[in-house]
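S.K.: Take this structure, written in structure tokens, and hold onto it; I'll ask about it next.
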Amino acid sequence: MDKYTTYVLDETKKLEDYWSSRNTQMIGDRAVLALTKPVPKSDQVKWVLNEPKVLYDTSVALLSSYTPRFRLPLSINYDKEERVRTNKTERFLIGIFRSLEDSQLRRGRASWFRELAYWICSGWYSVFVNIEKVGKEVRFIADIFDPMTVYPQWGADGLEKLARTYEVPILTAKAMASKWEVPFNAETDTSDVKVINYWEKDGKDIINTILFNEDAVKKTSAMKPATKEPFLEIPIFVGAIGVPDTISAGWQTHYGESIIASNKDMYEYQNTMVSLMAQIVAETAYPNLLTRTATGEPPFKSEDIKGHGTVIPLRLEDQVDILKHAATPTEVATLLSLVGAHIQRGGLPYVIYGGLPFELSGFAISQLMAAIRYKISPYMRTMEGVVSRIASEFLLRYRKGNFGEITLATKNPYEMRKGLFFMEKFGKKDVPDTTFVEVSVPLSTPLDKTQQIMFARQALTPPQLLSRPTIWETLEMVDDQDQEYQRIIQDQILEMPTIKTIDMLEELKVRQATYMAEGKFEAAEALQRYIDIL
């Protein structure tokens, strides 16, 4: 084994040890989300409520239910040509991320946006970004990695080193080794192989090395040699959402915090108390039976008794006092109520998960949405930042690369009906010099959207407080204000009685001509008289 291979193995081991406490914390978080019962306390905790999973799934849904909006900057004194070009680039990004969604589905995985939101809610994210050209096909790649397999090292200028370690089946490892023309002769075809994907920034160069199984490396040198890759930075975007403290002992466990982090102890207390109440209910739900016979043998079998009470056989001279089970202490209900309130403080209010027997006011809805945004905001901002960085990186690499034109499915800005899309060709000349992309994730619910529309209508009634463009921009309801204004004008025109009459006459004339062609002359004459009256 050469010195470089030893160096890569040593650096990978250092990074794994450095982030080991982080992985331990993430394993515990995942056990909570999986609603796993604690094994040492299985006799005490028999009920595990679904609070953490509901909070987590709801947060993921809020972050990924709506497609993010992409916006590129314009110069202060922009002209029509620049605006058209920017709009086309925004449609280009829509097409790119639609292709990512399609790629995910073809590989049997969930929505790309949902998968990214899932990991971001865990406190960490890791995305590999690249563009490949296979034959005439251009592929945009944004593979999302499990953060527990990624071990980064940052410096003053960003990411300096990164090791990704994971296990794959032996046949997959052989296929990967064959791709890079690396001899890999494993002794068995059943065991898994550890893969080390090591990246390092050496000055301005980005170096990548891949090792297959440490033991196999020592025996067969199954290794992709150190390769200088055509990237300006390590192409894996990795980061965390949590406590920025990097000085205190064990800071790695809090550097990335799951969205359920503040409630984990509360969930444990809740499960303990609920299990206690369930145990008391189970033990007192059915009465015990006391029998007295001369021999002490029960007069009937336990299985003959309907119910689940216990039969206690006694002889006539035996004296036994049966103690009743204690009822649930009132303090348990008080503590459970207190814990429930703290769970809502660290999560989302219960009311958002179901309907109420009464209608909420606009103020109450705004308060609920404020509570949701307060909890989701750090993760939403990270989601926007990650998608923005990925979009900017795609534009930059596509503009600098030699990929040729590409056809993608995007939206049609000229179509008056929503929900339609069309195919459009894009080339490197369509990408502007400034590739910064601003991304916004719509965070809303149907109820909240309805309330916003009601507020907008009130703001437009005389005396008018805000203009339509200002409301559209504030509420982020409209992508193209000019097009929306034309739609409003068209709706108003269609509502005019004269226009309705003209449209009706045109339809009646078509029907009258059909009657004539079918030989229904009496019906045609009657319809013609009605047309003349109109």
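As shown in the structure tokens, the chain order sets the letters A, B, ...; within each chain, residues go from 1, and ligands are also counted from 1 in the order they appear.
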Would you mind listing what lies within 8 Å of segment 133-142 of chain A as a PDB file with C-alpha atoms, in the first residue's frame, with only C-alpha atoms counted and same-chain residues fewer than 5 positions away left out?

M.R.:
```pdb
ATOM      1  CA  ILE A  96     -33.914  21.570 -14.648  1.00  0.00           C
ATOM      2  CA  SER A  99     -35.807  16.809 -14.631  1.00  0.00           C
ATOM      3  CA  LEU A 100     -34.432  16.161 -11.122  1.00  0.00           C
ATOM      4  CA  VAL A 127     -25.950  17.286  -2.032  1.00  0.00           C
ATOM      5  CA  PHE A 128     -23.588  16.328  -4.852  1.00  0.00           C
ATOM      6  CA  ILE A 390     -27.634  24.436  -6.515  1.00  0.00           C
ATOM      7  CA  PHE A 394     -26.092  24.632 -12.527  1.00  0.00           C
ATOM      8  CA  PHE A 403     -23.074  20.877 -23.440  1.00  0.00           C
ATOM      9  CA  ILE A 406     -31.068  21.141 -24.325  1.00  0.00           C
TER      10      ILE A 406
END
```

S.K.: Taking 5 positions as the minimum chain separation for residues in the same chain, which residues sit within 12 Å of Ser178 of chain A when counting only C-alpha atoms? Answer as a VMD selection string.

M.R.: chain A and resid 171 to 173 183 to 185 212 222 to 224

S.K.: Determine the nearest neighbour of Tyr4 of chain A from the options A:Ala226, A:Ile144, A:Met176, A:Leu505, counting only C-alpha atoms.

M.R.: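 Counting only C-alpha atoms, the residue closest to Tyr4 of chain A is A:Ala226.
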
S.K.: With only C-alpha atoms as the atoms that count, which of A:Val386, A:Ala327, A:Ile210, A:Val8 lies nearest to Trp119 of chain A?

M.R.: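 When distances to Trp119 of chain A are compared using only C-alpha atoms, the smallest one comes from A:Val386.
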
S.K.: Identify which of the residues A:Val387, A:Leu408, A:Ala34, A:Leu74 lies closest to Leu116 of chain A, counting only C-alpha atoms when measuring atom-to-atom distances.

M.R.: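 Smallest separation from Leu116 of chain A among the options: A:Val387.
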
S.K.: For Ala524 of chain A, find every residue with an atom within 6 Å (counting only C-alpha atoms), except residues of its own chain fewer than 3 positions away, and show them as an mmCIF file with N, CA, C and O atoms, in the first residue's frame.

M.R.:
```cif
data_model
loop_
_atom_site.group_PDB
_atom_site.id
_atom_site.type_symbol
_atom_site.label_atom_id
_atom_site.label_comp_id
_atom_site.auth_asym_id
_atom_site.auth_seq_id
_atom_site.Cartn_x
_atom_site.Cartn_y
_atom_site.Cartn_z
ATOM 1 N N GLN A 512 -78.113 26.133 -35.462
ATOM 2 C CA GLN A 512 -79.109 26.258 -36.533
ATOM 3 C C GLN A 512 -78.576 25.674 -37.841
ATOM 4 O O GLN A 512 -79.295 24.986 -38.573
ATOM 5 N N TYR A 515 -78.810 21.895 -37.669
ATOM 6 C CA TYR A 515 -80.165 21.415 -37.926
ATOM 7 C C TYR A 515 -80.460 21.397 -39.427
ATOM 8 O O TYR A 515 -81.092 20.462 -39.954
ATOM 9 N N MET A 516 -80.050 22.441 -40.120
ATOM 10 C CA MET A 516 -80.286 22.504 -41.565
ATOM 11 C C MET A 516 -79.554 21.365 -42.264
ATOM 12 O O MET A 516 -80.105 20.732 -43.182
ATOM 13 N N PHE A 521 -85.654 20.944 -40.687
ATOM 14 C CA PHE A 521 -85.944 22.305 -41.163
ATOM 15 C C PHE A 521 -86.873 23.058 -40.211
ATOM 16 O O PHE A 521 -86.715 24.266 -40.009
ATOM 17 N N LEU A 527 -85.478 28.013 -34.535
ATOM 18 C CA LEU A 527 -84.265 28.563 -33.904
ATOM 19 C C LEU A 527 -83.870 29.868 -34.567
ATOM 20 O O LEU A 527 -83.387 30.794 -33.907
#
```

S.K.: For atom CA of Asn197 of chain A and atom CA of Phe97 of chain A, quote the distance in Å rounded to one decimal.

M.R.: 25.8 Å

S.K.: Can you list, as JSON, numbers by chain, every protein, DNA or RNA residue that comes within 8 Å of Arg85 of chain A when you count only C-alpha atoms, leaving out same-chain residues fewer than 5 positions away?

M.R.: {"A": [430, 431, 432]}

S.K.: Mind writing the picked residues with all heavy atoms as a PDB file, in the first residue's frame?

M.R.:
```pdb
ATOM      1  N   ASP A 430     -28.371  31.707 -23.405  1.00  0.00           N
ATOM      2  CA  ASP A 430     -29.548  32.158 -22.673  1.00  0.00           C
ATOM      3  C   ASP A 430     -29.246  32.451 -21.206  1.00  0.00           C
ATOM      4  O   ASP A 430     -30.048  33.091 -20.520  1.00  0.00           O
ATOM      5  CB  ASP A 430     -30.658  31.100 -22.743  1.00  0.00           C
ATOM      6  CG  ASP A 430     -31.152  30.884 -24.166  1.00  0.00           C
ATOM      7  OD1 ASP A 430     -31.233  31.888 -24.901  1.00  0.00           O
ATOM      8  OD2 ASP A 430     -31.436  29.731 -24.529  1.00  0.00           O
ATOM      9  N   VAL A 431     -28.106  31.970 -20.722  1.00  0.00           N
ATOM     10  CA  VAL A 431     -27.753  32.165 -19.316  1.00  0.00           C
ATOM     11  C   VAL A 431     -27.056  33.516 -19.162  1.00  0.00           C
ATOM     12  O   VAL A 431     -26.054  33.779 -19.828  1.00  0.00           O
ATOM     13  CB  VAL A 431     -26.834  31.032 -18.811  1.00  0.00           C
ATOM     14  CG1 VAL A 431     -26.477  31.249 -17.340  1.00  0.00           C
ATOM     15  CG2 VAL A 431     -27.517  29.682 -19.007  1.00  0.00           C
ATOM     16  N   PRO A 432     -27.548  34.405 -18.294  1.00  0.00           N
ATOM     17  CA  PRO A 432     -26.926  35.724 -18.128  1.00  0.00           C
ATOM     18  C   PRO A 432     -25.579  35.625 -17.428  1.00  0.00           C
ATOM     19  O   PRO A 432     -25.204  34.572 -16.882  1.00  0.00           O
ATOM     20  CB  PRO A 432     -27.942  36.483 -17.265  1.00  0.00           C
ATOM     21  CG  PRO A 432     -28.670  35.415 -16.520  1.00  0.00           C
ATOM     22  CD  PRO A 432     -28.730  34.233 -17.435  1.00  0.00           C
TER      23      PRO A 432
END
```

S.K.: With a distance cut-off of 12 Å and only C-alpha atoms, select the neighbouring residues of Phe113 of chain A, excluding the residue or stretch itself and same-chain residues fewer than 2 positions from it, and output the selection as a PyMOL selection string.

M.R.: chain A and resi 60-68+97-102+104-105+109-111+115-120+127+142-144+383-384+386-387+441
